[in-house]
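To be precise, the following lines are model-v1.txt, and they hold compact mmCIF, C-alpha atoms and all ligand atoms.
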# COMPACT_ATOMS: atom_id res chain seq x y z
CA MET F 1 21.73 -33.14 24.23
CA ALA F 2 24.82 -31.48 25.59
CA ALA F 3 27.89 -31.16 23.38
CA PRO F 4 31.51 -31.44 24.62
CA ALA F 5 32.81 -28.16 26.10
CA GLN F 6 29.41 -26.59 25.70
CA LEU F 7 28.96 -23.34 27.61
CA GLY F 8 25.37 -22.33 26.97
CA LEU F 9 22.11 -24.13 27.56
CA GLN F 10 21.03 -27.12 25.53
CA ASN F 11 18.91 -26.50 22.43
CA ALA F 12 15.26 -26.00 23.20
CA ALA F 13 12.75 -28.62 22.15
CA SER F 14 9.71 -27.06 23.78
CA PRO F 15 8.26 -23.54 23.87
CA ILE F 16 8.90 -23.24 27.58
CA MET F 17 12.62 -23.91 27.13
CA GLU F 18 12.67 -21.35 24.32
CA GLU F 19 11.34 -18.83 26.83
CA LEU F 20 13.85 -19.87 29.47
CA ILE F 21 16.78 -19.42 27.08
CA ALA F 22 15.52 -15.97 26.08
CA PHE F 23 15.19 -15.03 29.74
CA HIS F 24 18.65 -16.35 30.52
CA ASP F 25 20.14 -14.20 27.75
CA HIS F 26 18.16 -11.18 28.94
CA ALA F 27 19.40 -11.56 32.53
CA LEU F 28 22.96 -12.19 31.39
CA MET F 29 22.93 -9.02 29.29
CA ILE F 30 21.93 -6.95 32.32
CA ILE F 31 24.62 -8.64 34.41
CA PHE F 32 27.27 -7.85 31.77
CA LEU F 33 26.20 -4.20 31.60
CA ILE F 34 26.32 -3.80 35.38
CA SER F 35 29.66 -5.62 35.71
CA SER F 36 31.32 -3.53 33.02
CA LEU F 37 30.01 -0.34 34.55
CA VAL F 38 31.27 -1.36 37.99
CA LEU F 39 34.65 -2.44 36.62
CA TYR F 40 34.95 0.85 34.75
CA ILE F 41 34.18 2.90 37.88
CA ILE F 42 36.58 0.83 39.98
CA SER F 43 39.39 1.43 37.49
CA LEU F 44 38.58 5.15 37.42
CA MET F 45 38.65 5.40 41.21
CA LEU F 46 41.89 3.48 41.51
CA THR F 47 43.70 5.59 38.92
CA THR F 48 42.51 9.08 39.83
CA LYS F 49 44.60 11.40 42.02
CA LEU F 50 41.53 13.31 43.16
CA THR F 51 39.78 12.61 46.45
CA HIS F 52 36.34 13.68 47.54
CA THR F 53 35.61 12.69 51.11
CA SER F 54 33.32 15.44 52.33
CA THR F 55 30.22 14.99 50.17
CA MET F 56 27.07 15.40 52.24
CA ASN F 57 23.38 15.41 51.27
CA ALA F 58 23.88 14.51 47.62
CA GLN F 59 20.18 13.86 47.09
CA GLU F 60 20.30 13.56 43.31
CA ILE F 61 22.83 10.74 43.18
CA GLU F 62 21.10 9.02 46.12
CA MET F 63 17.84 9.06 44.19
CA ILE F 64 19.47 7.73 41.05
CA TRP F 65 21.33 4.85 42.65
CA THR F 66 18.26 3.79 44.58
CA ILE F 67 15.69 3.94 41.82
CA LEU F 68 17.82 2.67 38.94
CA PRO F 69 18.69 -0.67 40.62
CA ALA F 70 15.06 -1.07 41.64
CA MET F 71 13.97 -0.64 38.03
CA ILE F 72 16.59 -3.12 36.88
CA LEU F 73 15.36 -5.65 39.44
CA ILE F 74 11.78 -5.20 38.23
CA MET F 75 12.96 -5.71 34.67
CA ILE F 76 14.33 -9.10 35.75
CA ALA F 77 11.51 -10.06 38.10
CA LEU F 78 8.56 -9.55 35.78
CA PRO F 79 9.70 -11.82 32.93
CA SER F 80 10.89 -14.33 35.53
CA LEU F 81 7.44 -14.48 37.13
CA ARG F 82 5.84 -14.70 33.71
CA ILE F 83 7.80 -17.86 32.89
CA LEU F 84 7.23 -19.25 36.37
CA TYR F 85 3.47 -19.10 35.83
CA MET F 86 3.79 -20.36 32.26
CA THR F 87 5.50 -23.54 33.47
CA ASP F 88 2.56 -24.07 35.82
CA GLU F 89 0.08 -23.50 32.99
CA PHE F 90 -1.98 -26.56 32.39
CA ASN F 91 -3.63 -27.46 29.09
CA LYS F 92 -5.79 -30.48 28.54
CA PRO F 93 -3.25 -33.29 28.71
CA TYR F 94 -3.23 -36.05 26.14
CA LEU F 95 -1.44 -38.53 28.38
CA THR F 96 -0.45 -39.00 31.99
CA LEU F 97 2.98 -40.41 32.75
CA LYS F 98 4.20 -41.26 36.22
CA ALA F 99 7.93 -41.04 36.88
CA ILE F 100 8.93 -42.59 40.18
CA GLY F 101 12.43 -42.30 41.58
CA HIS F 102 14.12 -45.20 43.29
CA GLN F 103 17.59 -45.79 44.61
CA TRP F 104 18.94 -45.86 41.88
CA TYR F 105 16.72 -45.97 38.84
CA TRP F 106 13.54 -44.44 37.51
CA SER F 107 10.36 -46.39 36.98
CA TYR F 108 7.61 -45.23 34.67
CA GLU F 109 3.90 -45.98 34.67
CA TYR F 110 1.57 -45.26 31.76
CA SER F 111 -1.63 -46.05 33.60
CA ASP F 112 -3.81 -44.76 30.73
CA TYR F 113 -2.61 -47.92 28.99
CA GLU F 114 -3.72 -50.55 31.50
CA ASP F 115 -0.61 -52.23 32.95
CA LEU F 116 2.07 -50.51 30.87
CA ALA F 117 4.92 -49.85 33.32
CA PHE F 118 8.63 -50.50 33.40
CA ASP F 119 11.91 -49.70 35.13
CA SER F 120 14.57 -47.64 33.40
CA TYR F 121 18.11 -48.54 34.48
CA ILE F 122 21.37 -47.05 33.31
CA MET F 123 23.14 -48.90 30.49
CA PRO F 124 26.51 -50.18 31.78
CA THR F 125 29.47 -48.83 29.81
CA TYR F 126 30.48 -52.24 28.47
CA PHE F 127 27.01 -52.66 26.90
CA LEU F 128 27.18 -49.44 24.90
CA GLU F 129 27.07 -49.48 21.11
CA PRO F 130 29.30 -47.05 19.17
CA GLY F 131 27.72 -43.60 19.20
CA GLU F 132 25.86 -44.07 22.46
CA PHE F 133 26.59 -41.84 25.42
CA ARG F 134 28.39 -43.07 28.49
CA LEU F 135 26.40 -42.63 31.73
CA LEU F 136 23.39 -41.29 29.81
CA GLU F 137 21.81 -44.31 28.09
CA VAL F 138 19.16 -46.46 29.71
CA ASP F 139 17.88 -49.96 28.98
CA ASN F 140 14.22 -48.93 28.58
CA ARG F 141 13.60 -45.50 27.10
CA THR F 142 10.58 -43.47 28.09
CA THR F 143 8.74 -43.22 24.78
CA LEU F 144 6.29 -40.35 24.35
CA PRO F 145 4.29 -38.78 21.51
CA MET F 146 5.61 -35.52 20.10
CA GLU F 147 3.50 -32.36 19.76
CA ALA F 148 1.24 -33.48 22.58
CA ASP F 149 0.82 -32.11 26.09
CA ILE F 150 1.89 -34.73 28.56
CA ARG F 151 1.24 -34.56 32.27
CA VAL F 152 4.15 -36.03 34.19
CA LEU F 153 3.53 -36.91 37.82
CA ILE F 154 6.77 -37.21 39.71
CA SER F 155 7.21 -39.00 42.99
CA SER F 156 9.73 -41.11 44.85
CA GLN F 157 9.70 -44.44 46.59
CA ASP F 158 12.60 -43.80 48.98
CA VAL F 159 14.63 -40.56 49.18
CA LEU F 160 14.53 -37.24 47.34
CA HIS F 161 15.32 -37.38 43.64
CA SER F 162 14.73 -34.84 40.90
CA TRP F 163 13.43 -35.56 37.42
CA ALA F 164 15.10 -33.21 34.96
CA VAL F 165 15.29 -32.92 31.17
CA PRO F 166 17.18 -29.72 30.25
CA SER F 167 16.10 -29.38 26.62
CA LEU F 168 12.43 -29.52 27.62
CA GLY F 169 12.88 -27.09 30.50
CA VAL F 170 11.66 -29.42 33.26
CA LYS F 171 13.21 -30.13 36.62
CA THR F 172 10.84 -31.32 39.30
CA ASP F 173 11.67 -32.78 42.69
CA ALA F 174 10.60 -36.37 43.34
CA ILE F 175 9.45 -36.45 46.94
CA PRO F 176 8.30 -39.58 48.78
CA GLY F 177 4.61 -39.35 49.69
CA ARG F 178 3.97 -36.45 47.33
CA LEU F 179 2.96 -36.20 43.68
CA ASN F 180 4.41 -33.30 41.73
CA GLN F 181 2.96 -32.37 38.38
CA ALA F 182 4.89 -31.04 35.40
CA MET F 183 3.85 -30.47 31.82
CA VAL F 184 6.07 -31.80 29.08
CA ALA F 185 5.81 -31.33 25.34
CA SER F 186 8.28 -31.69 22.52
CA MET F 187 7.95 -29.98 19.17
CA ARG F 188 10.47 -32.33 17.56
CA PRO F 189 11.00 -36.07 17.47
CA GLY F 190 14.19 -37.31 19.02
CA LEU F 191 16.02 -38.35 22.15
CA TYR F 192 16.27 -36.08 25.16
CA TYR F 193 18.66 -36.87 27.95
CA GLY F 194 18.44 -35.91 31.59
CA GLN F 195 19.87 -36.93 34.93
CA CYS F 196 18.70 -37.19 38.50
CA SER F 197 19.22 -33.71 39.90
CA GLU F 198 18.92 -34.14 43.63
CA ILE F 199 21.74 -35.87 45.44
CA CYS F 200 20.17 -39.19 46.44
CA GLY F 201 22.95 -41.56 47.44
CA SER F 202 25.97 -43.36 46.07
CA ASN F 203 24.56 -44.03 42.59
CA HIS F 204 22.99 -40.61 42.14
CA SER F 205 25.08 -40.04 39.01
CA PHE F 206 23.99 -43.33 37.52
CA MET F 207 20.24 -42.95 37.12
CA PRO F 208 19.81 -41.06 33.83
CA ILE F 209 16.56 -40.21 32.07
CA VAL F 210 16.03 -40.76 28.34
CA LEU F 211 12.88 -39.53 26.65
CA GLU F 212 12.23 -40.73 23.12
CA PHE F 213 9.70 -38.57 21.31
CA ILE F 214 8.16 -40.24 18.27
CA TYR F 215 5.25 -39.62 15.98
CA PHE F 216 1.83 -39.95 17.51
CA GLN F 217 0.81 -42.98 15.42
CA ASP F 218 4.04 -44.80 16.24
CA PHE F 219 3.52 -44.06 19.90
CA GLU F 220 0.06 -45.62 19.81
CA VAL F 221 1.55 -48.80 18.37
CA TRP F 222 4.38 -48.77 20.88
CA ALA F 223 2.06 -48.29 23.87
CA SER F 224 -0.44 -50.87 22.65
CA TYR F 225 1.99 -53.67 21.97
CA LEU F 226 5.05 -53.16 24.17
CA TYR F 227 5.80 -56.08 26.43
CA ILE F 228 8.92 -56.00 28.55
CA VAL F 229 10.38 -59.50 28.63
CA MET T 230 9.86 -55.77 22.56
CA LEU T 231 6.74 -55.19 20.51
CA ASP T 232 4.44 -58.20 20.51
CA THR T 233 1.73 -57.73 17.88
CA GLN T 234 0.40 -61.25 18.45
CA LYS T 235 -1.29 -60.21 21.69
CA PRO T 236 -4.39 -58.01 21.69
CA PRO T 237 -3.57 -54.29 21.92
CA ARG T 238 -3.85 -52.48 25.23
CA LYS T 239 -6.86 -50.28 25.66
CA LYS T 240 -6.17 -46.53 25.75
CA TRP T 241 -8.24 -44.81 28.41
CA TRP T 242 -8.90 -41.11 28.58
CA THR T 243 -6.51 -39.23 30.82
CA PRO T 244 -7.91 -37.25 33.78
CA PRO T 245 -8.73 -33.67 32.75
CA PHE T 246 -7.75 -30.57 34.70
CA ASP T 247 -9.47 -30.48 38.10
CA PRO T 248 -10.05 -26.93 39.41
CA ARG T 249 -9.95 -28.27 42.97
CA PHE T 250 -6.27 -29.06 42.48
CA PRO T 251 -4.76 -26.27 40.37
CA ASN T 252 -1.30 -26.51 41.93
CA GLN T 253 1.83 -28.49 41.23
CA ASN T 254 1.05 -30.70 44.22
CA GLN T 255 -1.35 -33.39 42.99
CA THR T 256 -1.14 -35.71 46.03
CA ARG T 257 -4.63 -34.76 47.19
CA ASN T 258 -6.05 -35.16 43.70
CA CYS T 259 -4.98 -38.80 43.67
CA TYR T 260 -6.06 -39.50 47.26
CA GLN T 261 -9.42 -37.74 46.98
CA ASN T 262 -10.36 -39.70 43.87
CA PHE T 263 -9.30 -42.97 45.50
CA LEU T 264 -11.46 -42.09 48.50
CA ASP T 265 -14.38 -41.03 46.30
CA TYR T 266 -14.19 -44.34 44.46
CA GLN T 267 -14.34 -46.36 47.70
CA ARG T 268 -17.23 -44.24 48.99
CA CYS T 269 -19.06 -44.52 45.68
CA VAL T 270 -18.75 -48.30 45.59
CA LYS T 271 -19.88 -48.56 49.20
CA THR T 272 -22.92 -46.33 48.63
CA MET T 273 -23.90 -48.14 45.46
CA SER T 274 -23.68 -51.58 47.06
CA ARG T 275 -25.68 -50.40 50.05
CA ARG T 276 -28.41 -49.26 47.71
CA GLY T 277 -28.08 -52.48 45.77
CA LYS T 278 -27.14 -50.63 42.60
CA ASN T 279 -24.55 -51.30 39.95
CA SER T 280 -21.23 -49.61 40.74
CA GLU T 281 -20.67 -48.62 37.11
CA PRO T 282 -20.98 -44.85 37.73
CA CYS T 283 -17.96 -45.17 40.05
CA GLU T 284 -15.81 -46.06 37.06
CA TYR T 285 -14.94 -42.37 36.57
CA TYR T 286 -13.17 -42.16 39.94
CA PHE T 287 -11.46 -45.44 39.26
CA ARG T 288 -10.03 -44.16 35.97
CA VAL T 289 -8.86 -40.92 37.55
CA TYR T 290 -7.15 -42.46 40.54
CA THR T 291 -5.48 -45.26 38.56
CA SER T 292 -4.10 -42.66 36.16
CA LEU T 293 -2.91 -40.33 38.91
CA CYS T 294 -1.80 -42.54 41.81
CA PRO T 295 1.42 -44.55 41.73
CA THR T 296 0.44 -48.23 41.70
CA SER T 297 2.44 -48.85 44.86
CA TRP T 298 0.26 -46.36 46.75
CA VAL T 299 -2.93 -48.01 45.54
CA GLN T 300 -1.64 -51.46 46.51
CA HIS T 301 -0.68 -50.15 49.93
CA TRP T 302 -4.09 -48.53 50.53
CA ASN T 303 -5.98 -51.59 49.32
CA GLU T 304 -4.02 -53.74 51.77
CA GLN T 305 -4.85 -51.29 54.55
CA ILE T 306 -8.55 -51.41 53.64
CA LYS T 307 -8.41 -55.20 53.73
CA ASP T 308 -6.75 -55.16 57.16
CA GLY T 309 -9.10 -52.47 58.43
CA THR T 310 -6.25 -50.03 59.11
CA PHE T 311 -7.01 -47.49 56.35
CA ALA T 312 -6.95 -43.97 57.76
CA GLY T 313 -9.49 -42.40 55.40
CA LYS T 314 -13.22 -42.27 56.15
CA ILE T 315 -14.97 -44.42 53.60
CU CU F 401 18.23 -39.86 42.37

What does this structure look like when you write it as structure tokens?
Ligand SMILES: [Cu+2]
Amino acid sequence: MAAPAQLGLQNAASPIMEELIAFHDHALMIIFLISSLVLYIISLMLTTKLTHTSTMNAQEIEMIWTILPAMILIMIALPSLRILYMTDEFNKPYLTLKAIGHQWYWSYEYSDYEDLAFDSYIMPTYFLEPGEFRLLEVDNRTTLPMEADIRVLISSQDVLHSWAVPSLGVKTDAIPGRLNQAMVASMRPGLYYGQCSEICGSNHSFMPIVLEFIYFQDFEVWASYLYIV
Amino acid sequence: MLDTQKPPRKKWWTPPFDPRFPNQNQTRNCYQNFLDYQRCVKTMSRRGKNSEPCEYYFRVYTSLCPTSWVQHWNEQIKDGTFAGKI
């Protein structure tokens, strides 16, 4: 969950988000080093009285400023690829959840549990209880078991949407006529908020996602006996 | 609302990893299993056998395919306009 005036990423609830935060910090550190070096050299060049306009065939410096940036790029690319393939990694899922985007709400299908399916609409501001979040709450939360691998299949019924939950490190496009797979797991119980992340029309900002991770046994009861009335 | 008066829903197994579809795009996984189910049922009925072995495909495609797709395809099969070869 994002906090007011927060600058960094949201706290991680899954191993993959832990990795993404570490990678973000790693990349940012390199960016800071390069920027300070560049700023330092700029200030040196602007303040010096010396000029040096006739350098030719400076092979050493040419070698250094070709190879060093290449090495830096590799140092960013390799961990990036590693995480890219880790997000695609697929364990034996415990549950399959289908998240289908509509203009302008999400609908969820738990087809492992016969007919369990419902729509998840935004909670209007005047319905909110104290402590609930404006533009982030929904009427029917997507309840899931914690510490389990969940396969989420994301699709759309009309236009492009994107199903995103920052603290779990997932953001997957919902494309009409296509099923996209993402793996989701939470190490902690709790509520995780997300929003549609592909501009999809006038109510794009008003189709949030709320995942409620609960204990496995409680989830079984919830899934077995939930009836939307 | 939880209604414990009614009988609990049955929990089915969820489709395992299928090495034919290792990618993020699972559209074909859903469609292929739907197709395999229809073919299986057709073959079994032609041979006059019970279609119980086809249950596997049924479970996989109901878990993977959005229900609206399945409804749409079933209507097409009924109208004889389904594009797949069954
Ligand atoms: Cu949307």

TODO: Work out how far atom CA of F:Phe216 is from atom CA of T:Asn258, in Å to one decimal.
DONE: 27.8 Å

Open item on the list: Restricting the calculation to all atoms listed in the file: of F:His204, F:His26, F:Lys92, F:Arg134, which residue gets closest to chain T?
Closed with: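 Ranked by minimum distance to chain T, first place goes to F:Lys92.
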
Open item on the list: Contacts from chain F to chain T, 6 Å maximum, all atoms listed in the file: show me the residue list as a PyMOL selection string.
Closed with: chain F and resi 95+111-113+178-181+224-227

Write out, as a PDB file, in the coordinates of the input, the residues just selected, with C-alpha atoms.
ATOM      1  CA  LEU F  95      -1.440 -38.530  28.380  1.00  0.00           C
ATOM      2  CA  SER F 111      -1.630 -46.050  33.600  1.00  0.00           C
ATOM      3  CA  ASP F 112      -3.810 -44.760  30.730  1.00  0.00           C
ATOM      4  CA  TYR F 113      -2.610 -47.920  28.990  1.00  0.00           C
ATOM      5  CA  ARG F 178       3.970 -36.450  47.330  1.00  0.00           C
ATOM      6  CA  LEU F 179       2.960 -36.200  43.680  1.00  0.00           C
ATOM      7  CA  ASN F 180       4.410 -33.300  41.730  1.00  0.00           C
ATOM      8  CA  GLN F 181       2.960 -32.370  38.380  1.00  0.00           C
ATOM      9  CA  SER F 224      -0.440 -50.870  22.650  1.00  0.00           C
ATOM     10  CA  TYR F 225       1.990 -53.670  21.970  1.00  0.00           C
ATOM     11  CA  LEU F 226       5.050 -53.160  24.170  1.00  0.00           C
ATOM     12  CA  TYR F 227       5.800 -56.080  26.430  1.00  0.00           C
TER      13      TYR F 227
END

Task: Two-atom distance - atom CA of T:Pro282, atom CA of T:Cys269 (Å) - done: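 Pair atom CA of T:Pro282 / atom CA of T:Cys269 returns 8.2 Å.
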
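Each of F:Thr142, F:Val152, F:Gly101, F:Pro130 was compared to ligand CU 401 (chain F) using only C-alpha atoms and all ligand atoms, and F:Gly101 turns out to be the nearest.
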
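Relative to atom CA of F:Gln103, atom CA of F:Gly201 is found at 7.4 Å.
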
Mind giving me the axis-aligned box for stretch 148-162 of chain F with 5 Å on every side, centre plus edges in Å to one decimal, as JSON?
{"center_x": 8.1, "center_y": -38.3, "center_z": 35.9, "size_x": 24.5, "size_y": 22.3, "size_z": 36.6}

Open item on the list: Could you list, as a VMD selection string, all protein and nucleic acid residues with an atom at most 7 Å from ligand CU 401 (chain F), counting all atoms listed in the file?
Closed with: chain F and resid 101 to 104 160 to 162 196 to 200 204 207

Task: Counting all atoms listed in the file, the residue of F:Gln6, F:Ala77, F:Met187, F:Ala223 that sits nearest F:Phe118 - done: F:Ala223

Task: Neighbour list for F:Glu137 as a list of chain:residue names, cut-off 9 Å, only C-alpha atoms, skip fewer than 3 positions in-chain - done: F:Tyr121, F:Ile122, F:Met123, F:Pro124, F:Leu128, F:Glu132, F:Phe133, F:Arg134, F:Asn140, F:Arg141, F:Tyr193, F:Pro208, F:Ile209, F:Val210

Since we have the selection now, will you write its residues out, keeping C-alpha atoms, as a tab-separated table (two decimals), in the frame of the given file?
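Below is the file again-v1.tsv, written as the result:
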chain	number	residue	atom	x	y	z
F	121	TYR	CA	18.11	-48.54	34.48
F	122	ILE	CA	21.37	-47.05	33.31
F	123	MET	CA	23.14	-48.90	30.49
F	124	PRO	CA	26.51	-50.18	31.78
F	128	LEU	CA	27.18	-49.44	24.90
F	132	GLU	CA	25.86	-44.07	22.46
F	133	PHE	CA	26.59	-41.84	25.42
F	134	ARG	CA	28.39	-43.07	28.49
F	140	ASN	CA	14.22	-48.93	28.58
F	141	ARG	CA	13.60	-45.50	27.10
F	193	TYR	CA	18.66	-36.87	27.95
F	208	PRO	CA	19.81	-41.06	33.83
F	209	ILE	CA	16.56	-40.21	32.07
F	210	VAL	CA	16.03	-40.76	28.34
